[in-house]
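What follows is upload-v1.tsv (TSV, C-alpha atoms).
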```tsv
chain	number	residue	atom	x	y	z
A	29	MET	CA	-22.81	14.25	8.18
A	30	GLN	CA	-19.52	15.44	9.73
A	31	ILE	CA	-16.84	12.83	10.40
A	32	GLN	CA	-16.94	13.29	14.17
A	33	SER	CA	-20.70	12.81	14.23
A	34	VAL	CA	-20.31	9.59	12.19
A	35	TRP	CA	-17.87	8.26	14.78
A	36	ASP	CA	-20.14	9.31	17.65
A	37	GLU	CA	-23.18	7.65	16.10
A	38	ALA	CA	-21.26	4.42	15.48
A	39	ASN	CA	-20.08	4.36	19.10
A	40	ARG	CA	-23.68	4.73	20.22
A	41	LEU	CA	-24.67	1.71	18.11
A	42	LYS	CA	-21.83	-0.54	19.29
A	43	GLY	CA	-22.88	-4.20	19.47
A	44	CYS	CA	-25.85	-3.73	17.12
A	45	LEU	CA	-25.49	-7.17	15.48
A	46	ALA	CA	-24.54	-9.16	18.58
A	47	GLY	CA	-27.59	-11.35	18.12
A	48	GLN	CA	-26.16	-12.69	14.84
A	49	LYS	CA	-22.75	-13.65	16.24
A	50	THR	CA	-21.43	-17.02	14.99
A	51	LEU	CA	-20.85	-19.17	18.07
A	52	THR	CA	-19.49	-22.45	16.74
A	53	SER	CA	-18.44	-24.29	13.60
A	54	ARG	CA	-17.39	-27.74	12.42
A	55	ARG	CA	-14.17	-29.28	11.12
A	56	HIS	CA	-13.74	-31.72	8.29
A	57	GLY	CA	-10.98	-33.52	10.15
A	58	ASP	CA	-12.43	-34.45	13.51
A	59	THR	CA	-11.20	-38.03	13.19
A	60	ASP	CA	-7.86	-39.48	14.28
A	61	GLU	CA	-6.75	-39.45	10.65
A	62	TYR	CA	-6.43	-35.65	10.81
A	63	ALA	CA	-5.49	-35.28	14.46
A	64	ASP	CA	-1.92	-34.10	13.88
A	65	SER	CA	-2.69	-31.68	11.03
A	66	GLY	CA	-4.12	-28.91	13.22
A	67	ASN	CA	-3.08	-27.67	16.66
A	68	LEU	CA	-2.25	-30.49	19.06
A	69	LEU	CA	-3.48	-28.73	22.20
A	70	ASP	CA	-7.14	-28.36	23.09
A	71	VAL	CA	-7.66	-24.62	22.64
A	72	THR	CA	-11.16	-23.72	23.84
A	73	ASP	CA	-11.83	-21.07	21.19
A	74	GLN	CA	-11.86	-23.02	17.93
A	75	PHE	CA	-11.39	-19.89	15.82
A	76	LEU	CA	-8.31	-18.78	17.78
A	77	SER	CA	-7.00	-22.28	17.11
A	78	ASP	CA	-7.62	-21.65	13.40
A	79	GLU	CA	-5.74	-18.36	13.56
A	80	ALA	CA	-2.79	-19.98	15.32
A	81	GLY	CA	-2.58	-22.63	12.61
A	82	ILE	CA	-2.66	-20.06	9.82
A	83	LEU	CA	-0.01	-17.87	11.46
A	84	GLN	CA	2.33	-20.88	11.64
A	85	SER	CA	1.83	-21.93	8.02
A	86	LYS	CA	4.28	-21.64	5.16
A	87	ALA	CA	1.63	-19.95	3.03
A	88	PHE	CA	1.27	-17.15	5.59
A	89	ARG	CA	5.03	-16.70	5.99
A	90	VAL	CA	5.81	-16.30	2.29
A	91	MET	CA	3.25	-13.52	1.77
A	92	ARG	CA	6.00	-11.10	2.84
A	93	ASP	CA	7.54	-11.78	-0.59
A	94	LYS	CA	4.38	-11.42	-2.68
A	95	THR	CA	3.06	-8.33	-4.44
A	96	GLN	CA	0.34	-6.10	-3.03
A	97	VAL	CA	0.53	-3.36	-5.71
A	98	PHE	CA	4.25	-2.84	-6.30
A	99	THR	CA	6.78	-5.60	-6.95
A	100	PHE	CA	10.40	-5.54	-5.75
A	101	THR	CA	10.08	-2.14	-4.12
A	102	SER	CA	13.11	-0.84	-2.22
A	103	ASN	CA	10.96	1.09	0.25
A	104	PRO	CA	10.09	-1.18	3.22
A	105	LEU	CA	7.09	1.03	4.06
A	106	ILE	CA	5.33	0.10	0.81
A	107	ARG	CA	2.92	-2.76	1.44
A	108	THR	CA	3.57	-6.36	0.58
A	109	ARG	CA	0.83	-8.96	0.56
A	110	LEU	CA	1.67	-9.79	4.19
A	111	SER	CA	1.52	-6.22	5.49
A	112	HIS	CA	-1.78	-5.82	3.62
A	113	VAL	CA	-3.13	-8.89	5.40
A	114	MET	CA	-2.13	-7.55	8.80
A	115	GLU	CA	-3.97	-4.30	8.10
A	116	VAL	CA	-7.04	-6.30	7.08
A	117	VAL	CA	-6.79	-8.15	10.38
A	118	ALA	CA	-6.75	-4.80	12.19
A	119	CYS	CA	-9.75	-3.45	10.23
A	120	SER	CA	-11.62	-6.71	10.77
A	121	ILE	CA	-11.04	-6.65	14.52
A	122	MET	CA	-12.33	-3.10	14.86
A	123	THR	CA	-15.36	-3.73	12.64
A	124	SER	CA	-16.31	-6.97	14.38
A	125	GLU	CA	-15.96	-5.46	17.85
A	126	MET	CA	-18.13	-2.50	16.90
A	127	LEU	CA	-20.83	-4.81	15.55
A	128	GLY	CA	-20.67	-7.31	18.40
A	129	LEU	CA	-19.75	-10.28	16.19
A	130	ASN	CA	-17.26	-13.11	16.68
A	131	THR	CA	-13.90	-11.36	16.49
A	132	SER	CA	-11.94	-14.61	16.81
A	133	LEU	CA	-13.57	-15.92	13.64
A	134	VAL	CA	-12.97	-12.65	11.81
A	135	ARG	CA	-9.32	-12.58	12.90
A	136	ALA	CA	-8.69	-16.13	11.69
A	137	ALA	CA	-10.36	-15.59	8.32
A	138	ALA	CA	-8.60	-12.25	7.82
A	139	ALA	CA	-5.21	-13.82	8.56
A	140	GLY	CA	-5.83	-16.52	5.96
A	141	HIS	CA	-7.79	-14.65	3.32
A	142	ASP	CA	-4.89	-14.02	0.91
A	143	ILE	CA	-2.71	-17.12	1.36
A	144	GLY	CA	-3.81	-18.22	-2.11
A	145	HIS	CA	-2.18	-15.31	-3.93
A	146	VAL	CA	0.35	-16.15	-6.65
A	147	PRO	CA	3.48	-14.19	-7.66
A	148	PHE	CA	2.90	-10.63	-8.93
A	149	GLY	CA	-0.51	-10.15	-7.34
A	150	HIS	CA	-3.68	-9.83	-9.39
A	151	GLN	CA	-1.76	-9.54	-12.66
A	152	GLY	CA	-0.07	-12.85	-11.95
A	153	GLU	CA	-3.43	-14.36	-11.04
A	154	ALA	CA	-5.02	-13.20	-14.31
A	155	TRP	CA	-2.06	-14.55	-16.29
A	156	LEU	CA	-2.26	-17.92	-14.57
A	157	ALA	CA	-6.00	-18.21	-15.17
A	158	LYS	CA	-5.45	-17.49	-18.87
A	159	ALA	CA	-2.59	-19.99	-19.08
A	160	MET	CA	-4.73	-22.67	-17.40
A	161	GLY	CA	-7.77	-21.83	-19.50
A	162	ARG	CA	-9.87	-22.12	-16.34
A	163	PRO	CA	-11.36	-19.71	-13.77
A	164	PHE	CA	-8.43	-19.80	-11.33
A	165	CYS	CA	-8.73	-17.31	-8.45
A	166	HIS	CA	-6.80	-16.69	-5.24
A	167	GLU	CA	-9.96	-16.97	-3.13
A	168	HIS	CA	-10.26	-20.65	-4.05
A	169	MET	CA	-6.52	-21.27	-4.02
A	170	GLY	CA	-6.30	-20.09	-0.42
A	171	VAL	CA	-8.83	-22.68	0.72
A	172	ILE	CA	-7.15	-25.36	-1.38
A	173	THR	CA	-3.79	-24.47	0.16
A	174	ALA	CA	-5.24	-24.62	3.66
A	175	GLN	CA	-6.97	-27.98	3.08
A	176	ARG	CA	-4.77	-29.85	0.61
A	177	ILE	CA	-1.23	-28.45	0.61
A	178	GLU	CA	-0.20	-27.23	4.07
A	179	ARG	CA	1.15	-29.72	6.66
A	180	ARG	CA	2.65	-31.85	3.89
A	181	GLY	CA	-0.71	-32.33	2.28
A	182	ARG	CA	-2.72	-33.06	5.44
A	183	GLY	CA	-4.03	-29.49	5.64
A	184	LEU	CA	-4.57	-27.11	8.55
A	185	ASN	CA	-7.89	-28.65	9.60
A	186	LEU	CA	-9.60	-25.24	9.80
A	187	THR	CA	-13.26	-24.81	10.65
A	188	PHE	CA	-15.83	-24.48	7.91
A	189	HIS	CA	-16.72	-20.88	8.82
A	190	THR	CA	-13.09	-19.74	8.71
A	191	LEU	CA	-12.59	-21.39	5.31
A	192	GLU	CA	-15.85	-20.06	3.92
A	193	ALA	CA	-15.05	-16.49	4.98
A	194	MET	CA	-11.60	-16.82	3.41
A	195	MET	CA	-13.12	-18.09	0.17
A	196	ARG	CA	-15.87	-15.46	-0.06
A	197	HIS	CA	-13.86	-12.36	0.82
A	198	SER	CA	-13.64	-11.00	-2.72
A	199	GLY	CA	-15.06	-11.08	-6.22
A	200	ASN	CA	-18.45	-12.64	-6.94
A	201	THR	CA	-18.05	-15.36	-4.32
A	202	ALA	CA	-20.45	-13.92	-1.70
A	203	ARG	CA	-23.69	-15.80	-1.10
A	204	GLU	CA	-26.82	-15.41	0.97
A	205	GLY	CA	-26.60	-17.31	4.22
A	206	MET	CA	-22.88	-16.90	4.83
A	207	SER	CA	-21.93	-15.62	8.27
A	208	GLN	CA	-22.03	-11.95	9.14
A	209	GLU	CA	-18.34	-12.32	9.99
A	210	ALA	CA	-17.67	-13.30	6.37
A	211	TRP	CA	-19.40	-10.09	5.28
A	212	VAL	CA	-17.21	-8.14	7.72
A	213	LEU	CA	-14.09	-9.54	6.06
A	214	ARG	CA	-15.32	-8.59	2.57
A	215	HIS	CA	-15.69	-4.97	3.65
A	216	ALA	CA	-12.61	-4.79	5.90
A	217	ASP	CA	-10.44	-6.06	3.05
A	218	LYS	CA	-11.65	-3.22	0.84
A	219	PHE	CA	-11.25	-0.59	3.57
A	220	ALA	CA	-7.66	-1.68	4.09
A	221	TYR	CA	-6.47	-1.92	0.50
A	222	ILE	CA	-8.26	1.15	-0.86
A	223	PHE	CA	-6.83	3.49	1.74
A	224	HIS	CA	-3.38	1.93	2.09
A	225	ASP	CA	-2.91	1.50	-1.66
A	226	TYR	CA	-3.79	5.18	-2.09
A	227	ASN	CA	-1.23	5.95	0.61
A	228	ASP	CA	1.50	4.02	-1.19
A	229	ILE	CA	0.63	5.30	-4.66
A	230	VAL	CA	0.33	8.97	-3.76
A	231	ASN	CA	2.60	9.48	-0.76
A	232	ARG	CA	5.40	6.99	-1.44
A	233	VAL	CA	5.54	6.39	-5.19
A	234	ARG	CA	4.26	9.97	-5.69
A	235	TYR	CA	2.17	9.08	-8.70
A	236	PRO	CA	0.08	12.10	-9.79
A	237	VAL	CA	-3.66	11.54	-9.36
A	238	ARG	CA	-6.79	13.53	-10.12
A	239	GLN	CA	-7.86	16.16	-7.60
A	240	GLU	CA	-11.31	14.57	-7.52
A	241	LEU	CA	-9.74	11.40	-6.10
A	242	VAL	CA	-7.75	13.37	-3.53
A	243	ASP	CA	-10.87	15.23	-2.39
A	244	LEU	CA	-12.91	12.04	-2.16
A	245	VAL	CA	-10.27	10.27	-0.08
A	246	ASN	CA	-9.94	13.30	2.21
A	247	SER	CA	-13.70	13.36	2.75
A	248	PHE	CA	-13.16	10.24	4.89
A	249	GLY	CA	-10.44	11.89	6.96
A	250	GLN	CA	-7.03	13.53	6.84
A	251	ASN	CA	-4.98	10.39	7.42
A	252	GLN	CA	-5.32	6.66	6.96
A	253	ARG	CA	-6.43	5.96	10.54
A	254	GLN	CA	-9.24	8.50	10.29
A	255	ARG	CA	-10.31	7.30	6.86
A	256	THR	CA	-10.51	3.67	7.93
A	257	SER	CA	-12.38	4.61	11.11
A	258	THR	CA	-14.90	6.64	9.11
A	259	ALA	CA	-15.57	3.74	6.74
A	260	ILE	CA	-15.99	1.31	9.64
A	261	ALA	CA	-18.30	3.74	11.45
A	262	GLY	CA	-20.38	4.21	8.30
A	263	LEU	CA	-20.71	0.45	7.97
A	264	VAL	CA	-21.83	0.15	11.60
A	265	ILE	CA	-24.53	2.80	11.13
A	266	GLU	CA	-25.88	1.27	7.92
A	267	SER	CA	-25.68	-2.28	9.31
A	268	ALA	CA	-27.61	-1.27	12.43
A	269	GLU	CA	-30.37	0.17	10.26
A	270	LEU	CA	-30.61	-2.88	7.97
A	271	GLY	CA	-29.99	-5.58	10.57
A	272	ARG	CA	-27.12	-7.11	8.60
A	273	VAL	CA	-23.58	-6.16	7.57
A	274	SER	CA	-23.87	-3.63	4.75
A	275	PHE	CA	-22.09	-0.59	3.40
A	276	GLU	CA	-23.46	0.38	0.02
A	277	GLN	CA	-26.86	2.02	0.48
A	278	SER	CA	-26.02	5.05	2.64
A	279	ASP	CA	-24.48	8.24	1.26
A	280	LEU	CA	-21.16	7.31	2.85
A	281	GLY	CA	-21.39	3.79	1.47
A	282	ARG	CA	-22.03	5.10	-2.03
A	283	SER	CA	-19.10	7.49	-1.67
A	284	PHE	CA	-16.85	4.57	-0.82
A	285	LEU	CA	-18.10	2.63	-3.85
A	286	LYS	CA	-17.28	5.62	-6.02
A	287	LEU	CA	-13.82	5.84	-4.44
A	288	ARG	CA	-13.22	2.16	-5.09
A	289	GLY	CA	-14.22	2.59	-8.72
A	290	MET	CA	-11.78	5.47	-9.15
A	291	MET	CA	-8.98	3.43	-7.58
A	292	TYR	CA	-9.68	0.57	-9.98
A	293	GLU	CA	-9.24	3.01	-12.84
A	294	LEU	CA	-5.87	3.95	-11.36
A	295	TYR	CA	-4.41	0.51	-10.68
A	296	PRO	CA	-3.57	-0.42	-14.32
A	297	ALA	CA	-1.43	2.72	-14.65
A	298	VAL	CA	0.77	1.87	-11.66
A	299	THR	CA	1.07	-1.92	-11.97
A	300	GLN	CA	2.59	-2.29	-15.41
A	301	GLN	CA	5.02	-5.20	-15.55
A	302	ASP	CA	5.98	-7.95	-17.97
A	303	VAL	CA	4.20	-10.79	-16.17
A	304	ASN	CA	4.28	-13.08	-19.21
A	305	GLY	CA	8.01	-12.50	-19.66
A	306	SER	CA	8.60	-13.63	-16.08
A	307	LEU	CA	6.05	-16.40	-15.54
A	308	GLY	CA	6.03	-17.85	-19.07
A	309	PRO	CA	9.59	-19.25	-19.08
A	310	VAL	CA	9.15	-20.64	-15.57
A	311	LEU	CA	5.97	-22.48	-16.54
A	312	ASP	CA	7.63	-23.83	-19.70
A	313	SER	CA	10.52	-25.18	-17.63
A	314	LEU	CA	8.22	-26.78	-15.07
A	315	GLN	CA	6.31	-28.52	-17.85
A	316	ARG	CA	9.58	-29.71	-19.40
A	317	LEU	CA	11.18	-30.97	-16.16
A	318	LYS	CA	8.06	-32.82	-14.96
A	319	ILE	CA	8.90	-32.39	-11.26
A	320	GLY	CA	5.28	-31.94	-10.23
A	321	GLU	CA	2.05	-30.28	-11.30
A	322	PRO	CA	3.39	-27.14	-13.05
A	323	PHE	CA	0.52	-24.77	-12.29
A	324	MET	CA	0.40	-25.73	-8.62
A	325	ILE	CA	4.16	-25.24	-8.18
A	326	LEU	CA	4.06	-21.88	-9.95
A	327	ALA	CA	1.08	-20.73	-7.88
A	328	LEU	CA	3.00	-21.48	-4.68
A	329	MET	CA	6.07	-19.49	-5.68
A	330	THR	CA	7.02	-16.06	-4.37
A	331	ASP	CA	8.00	-13.01	-6.42
A	332	SER	CA	11.66	-13.65	-5.59
A	333	ASP	CA	11.41	-17.31	-6.63
A	334	VAL	CA	10.33	-16.18	-10.08
A	335	ARG	CA	13.05	-13.53	-10.23
A	336	ILE	CA	15.70	-16.14	-9.30
A	337	LEU	CA	14.57	-18.36	-12.15
A	338	LYS	CA	14.17	-15.54	-14.65
A	339	ASN	CA	17.76	-14.41	-13.99
A	340	ALA	CA	19.22	-17.92	-14.01
A	341	THR	CA	21.56	-18.85	-16.84
A	342	MET	CA	19.51	-21.99	-17.24
A	343	ILE	CA	16.16	-22.78	-15.59
A	344	ASP	CA	17.02	-26.28	-14.40
A	345	MET	CA	16.92	-28.29	-11.16
A	346	PRO	CA	19.87	-26.46	-9.54
A	347	ALA	CA	18.02	-23.19	-10.18
A	348	PHE	CA	14.73	-24.54	-8.81
A	349	ASN	CA	16.55	-25.75	-5.70
A	350	LEU	CA	17.25	-22.10	-4.83
A	351	THR	CA	13.54	-21.30	-4.52
A	352	THR	CA	11.36	-21.47	-1.41
A	353	VAL	CA	9.02	-23.95	-3.06
A	354	SER	CA	11.78	-26.49	-3.70
A	355	GLU	CA	11.49	-28.02	-0.23
A	356	MET	CA	7.86	-28.83	-1.04
A	357	PHE	CA	8.67	-30.87	-4.18
A	358	PRO	CA	8.77	-34.29	-2.44
A	359	TYR	CA	5.37	-34.06	-0.79
A	360	LEU	CA	3.74	-32.10	-3.61
A	361	ALA	CA	4.46	-35.15	-5.76
A	362	GLU	CA	2.84	-37.36	-3.11
A	363	ILE	CA	-0.29	-35.18	-2.96
A	364	GLY	CA	-0.89	-35.88	-6.63
A	365	GLN	CA	-3.48	-34.12	-8.77
A	366	VAL	CA	-5.23	-31.19	-7.10
A	367	ASP	CA	-7.98	-29.22	-8.81
A	368	LEU	CA	-6.78	-25.63	-8.34
A	369	CYS	CA	-10.21	-24.25	-9.17
A	370	ASP	CA	-12.26	-26.39	-6.75
A	371	PRO	CA	-12.04	-25.27	-3.10
A	372	GLY	CA	-13.69	-28.51	-1.94
A	373	LEU	CA	-15.95	-26.97	0.71
A	374	ASP	CA	-18.94	-29.23	0.03
A	375	TRP	CA	-18.68	-30.99	3.38
```

Have the structure of the file written as structure tokens, please.
Amino acid sequence: MQIQSVWDEANRLKGCLAGQKTLTSRRHGDTDEYADSGNLLDVTDQFLSDEAGILQSKAFRVMRDKTQVFTFTSNPLIRTRLSHVMEVVACSIMTSEMLGLNTSLVRAAAAGHDIGHVPFGHQGEAWLAKAMGRPFCHEHMGVITAQRIERRGRGLNLTFHTLEAMMRHSGNTAREGMSQEAWVLRHADKFAYIFHDYNDIVNRVRYPVRQELVDLVNSFGQNQRQRTSTAIAGLVIESAELGRVSFEQSDLGRSFLKLRGMMYELYPAVTQQDVNGSLGPVLDSLQRLKIGEPFMILALMTDSDVRILKNATMIDMPAFNLTTVSEMFPYLAEIGQVDLCDPGLDW
């Protein structure tokens, strides 16, 4: 099928899943105890209220200083975790609108889906999980941050459906029965990072890649906007046929899965860094100083926070006071023990 015909067919099927649109959700904090932890005004659309809360959070703000693929790049066009998130928001909006789902819910979940990332991206996450000896993952950490850490420990008071979509956007966290909007986010996240990471790796870092990968990427279009649109259109066509959000059974869906597999073979070659040499000394110092739960503090740090400490003559309190996380120390101590592997969504 030619690209233009894929777009045309998707436009014809616009709104195909409107009957499965999520209309409402619930909050854990509907009582007066939590009244000041979310938005104080009565916004009619509860999911837009969620999005507003996420956009005003510390966790959202600091993503501009967290790794997407490349750390400490001097080129401002290369994606950070924050610019990645904004592209996921864009992909999610377009996908949801084409399917006829709840775009406000998708926007909120997309904005918050990566607030649980630690310094140095997925390499930092893998290192932290190994250091903890537990299955730590950013999908759970994002929900924990939203519920237990933001607003000085009171949380953002987000709806269940926003939190669930955030938690199930990646890895093996998907489950039957989750909203169709949550499935949209899982796919939109992949559409965004596969095509924009390729863009950064090939066009900005100029890393040499196999011609097979180039040809496969170009089969979706000649630029990033076309490629993303083709993937979204393919998802709409397959979803209309199956009656649920899906993009893995059609020829185009299988091509995208193959592309994703080839990108995952490429990532280790372009993300080599001494994560242990950076995070190890910081964790050791946190454990020695006893200023709070070491793993939680480290997980909340930015790339630059770690670099400040790594380059410090001595990793002590004056050095920690130069980091973004230092202003959180007083209330992090008040929060007490938080299980960084339990998202606490059983309500």

As an mmCIF file with C-alpha atoms, keeping the file's coordinate frame, please: the residues near segment 212-228 of chain A (cut-off 7 Å, all atoms listed in the file, same-chain neighbours under 3 positions excluded).
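The new file around.cif reads:
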```cif
data_model
loop_
_atom_site.group_PDB
_atom_site.id
_atom_site.type_symbol
_atom_site.label_atom_id
_atom_site.label_comp_id
_atom_site.auth_asym_id
_atom_site.auth_seq_id
_atom_site.Cartn_x
_atom_site.Cartn_y
_atom_site.Cartn_z
ATOM 1 C CA ILE A 106 5.330 0.100 0.810
ATOM 2 C CA HIS A 112 -1.780 -5.820 3.620
ATOM 3 C CA GLU A 115 -3.970 -4.300 8.100
ATOM 4 C CA VAL A 116 -7.040 -6.300 7.080
ATOM 5 C CA CYS A 119 -9.750 -3.450 10.230
ATOM 6 C CA SER A 120 -11.620 -6.710 10.770
ATOM 7 C CA THR A 123 -15.360 -3.730 12.640
ATOM 8 C CA SER A 124 -16.310 -6.970 14.380
ATOM 9 C CA VAL A 134 -12.970 -12.650 11.810
ATOM 10 C CA ALA A 138 -8.600 -12.250 7.820
ATOM 11 C CA HIS A 197 -13.860 -12.360 0.820
ATOM 12 C CA SER A 198 -13.640 -11.000 -2.720
ATOM 13 C CA GLN A 208 -22.030 -11.950 9.140
ATOM 14 C CA GLU A 209 -18.340 -12.320 9.990
ATOM 15 C CA ASN A 231 2.600 9.480 -0.760
ATOM 16 C CA ARG A 232 5.400 6.990 -1.440
ATOM 17 C CA VAL A 233 5.540 6.390 -5.190
ATOM 18 C CA GLN A 252 -5.320 6.660 6.960
ATOM 19 C CA THR A 256 -10.510 3.670 7.930
ATOM 20 C CA ALA A 259 -15.570 3.740 6.740
ATOM 21 C CA VAL A 273 -23.580 -6.160 7.570
ATOM 22 C CA ARG A 288 -13.220 2.160 -5.090
#
```

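Our summary of the geometry notes that atom CA of Ser257 of chain A is positioned 28.1 Å from atom CA of Ala297 of chain A.
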
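If you look at atom CA of Pro346 of chain A and atom CA of Met324 of chain A, they are 19.5 Å away from each other.
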
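Minimum atom-to-atom distances from A:Ile363, A:Ala340, A:Ala46, A:Leu373 to Gly181 of chain A were compared using all atoms listed in the file, and the lowest value belongs to A:Ile363.
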
> Could you work out how far atom CA of Leu368 of chain A lies from atom CA of Asn185 of chain A, giving the answer in Å with one decimal?
Replying inline: 18.2 Å

> From the list A:Asp142, A:Glu240, A:Glu153, A:Glu321, which residue is nearest Arg89 of chain A when using all atoms listed in the file?
Replying inline: A:Asp142

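Of the listed residues A:Ile177, A:Gly289, A:Arg282, A:Met342, the one whose atoms come nearest to Gln365 of chain A is A:Ile177, with distances taken using only C-alpha atoms.
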
Test item: residues at most 10 Å from Arg179 of chain A, only C-alpha atoms, excluding those fewer than 2 positions along its chain, as a PDB file with C-alpha atoms, in the frame of the given file:
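Written output follows (part28.pdb):
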```
ATOM      1  CA  ASP A  64      -1.920 -34.100  13.880  1.00  0.00           C
ATOM      2  CA  SER A  65      -2.690 -31.680  11.030  1.00  0.00           C
ATOM      3  CA  GLY A  66      -4.120 -28.910  13.220  1.00  0.00           C
ATOM      4  CA  GLY A  81      -2.580 -22.630  12.610  1.00  0.00           C
ATOM      5  CA  SER A  85       1.830 -21.930   8.020  1.00  0.00           C
ATOM      6  CA  LYS A  86       4.280 -21.640   5.160  1.00  0.00           C
ATOM      7  CA  THR A 173      -3.790 -24.470   0.160  1.00  0.00           C
ATOM      8  CA  ALA A 174      -5.240 -24.620   3.660  1.00  0.00           C
ATOM      9  CA  GLN A 175      -6.970 -27.980   3.080  1.00  0.00           C
ATOM     10  CA  ARG A 176      -4.770 -29.850   0.610  1.00  0.00           C
ATOM     11  CA  ILE A 177      -1.230 -28.450   0.610  1.00  0.00           C
ATOM     12  CA  GLY A 181      -0.710 -32.330   2.280  1.00  0.00           C
ATOM     13  CA  ARG A 182      -2.720 -33.060   5.440  1.00  0.00           C
ATOM     14  CA  GLY A 183      -4.030 -29.490   5.640  1.00  0.00           C
ATOM     15  CA  LEU A 184      -4.570 -27.110   8.550  1.00  0.00           C
ATOM     16  CA  ASN A 185      -7.890 -28.650   9.600  1.00  0.00           C
ATOM     17  CA  TYR A 359       5.370 -34.060  -0.790  1.00  0.00           C
TER      18      TYR A 359
END
```

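Minimum atom-to-atom distance to Leu127 of chain A, evaluated using all atoms listed in the file, belongs to A:Ser267 out of A:Gln277, A:Ser267, A:Asn103, A:Ser77.
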
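Each of A:Leu337, A:Leu287, A:Cys44, A:Ala261 was compared to Gly305 of chain A using only C-alpha atoms, and A:Leu337 turns out to be the nearest.
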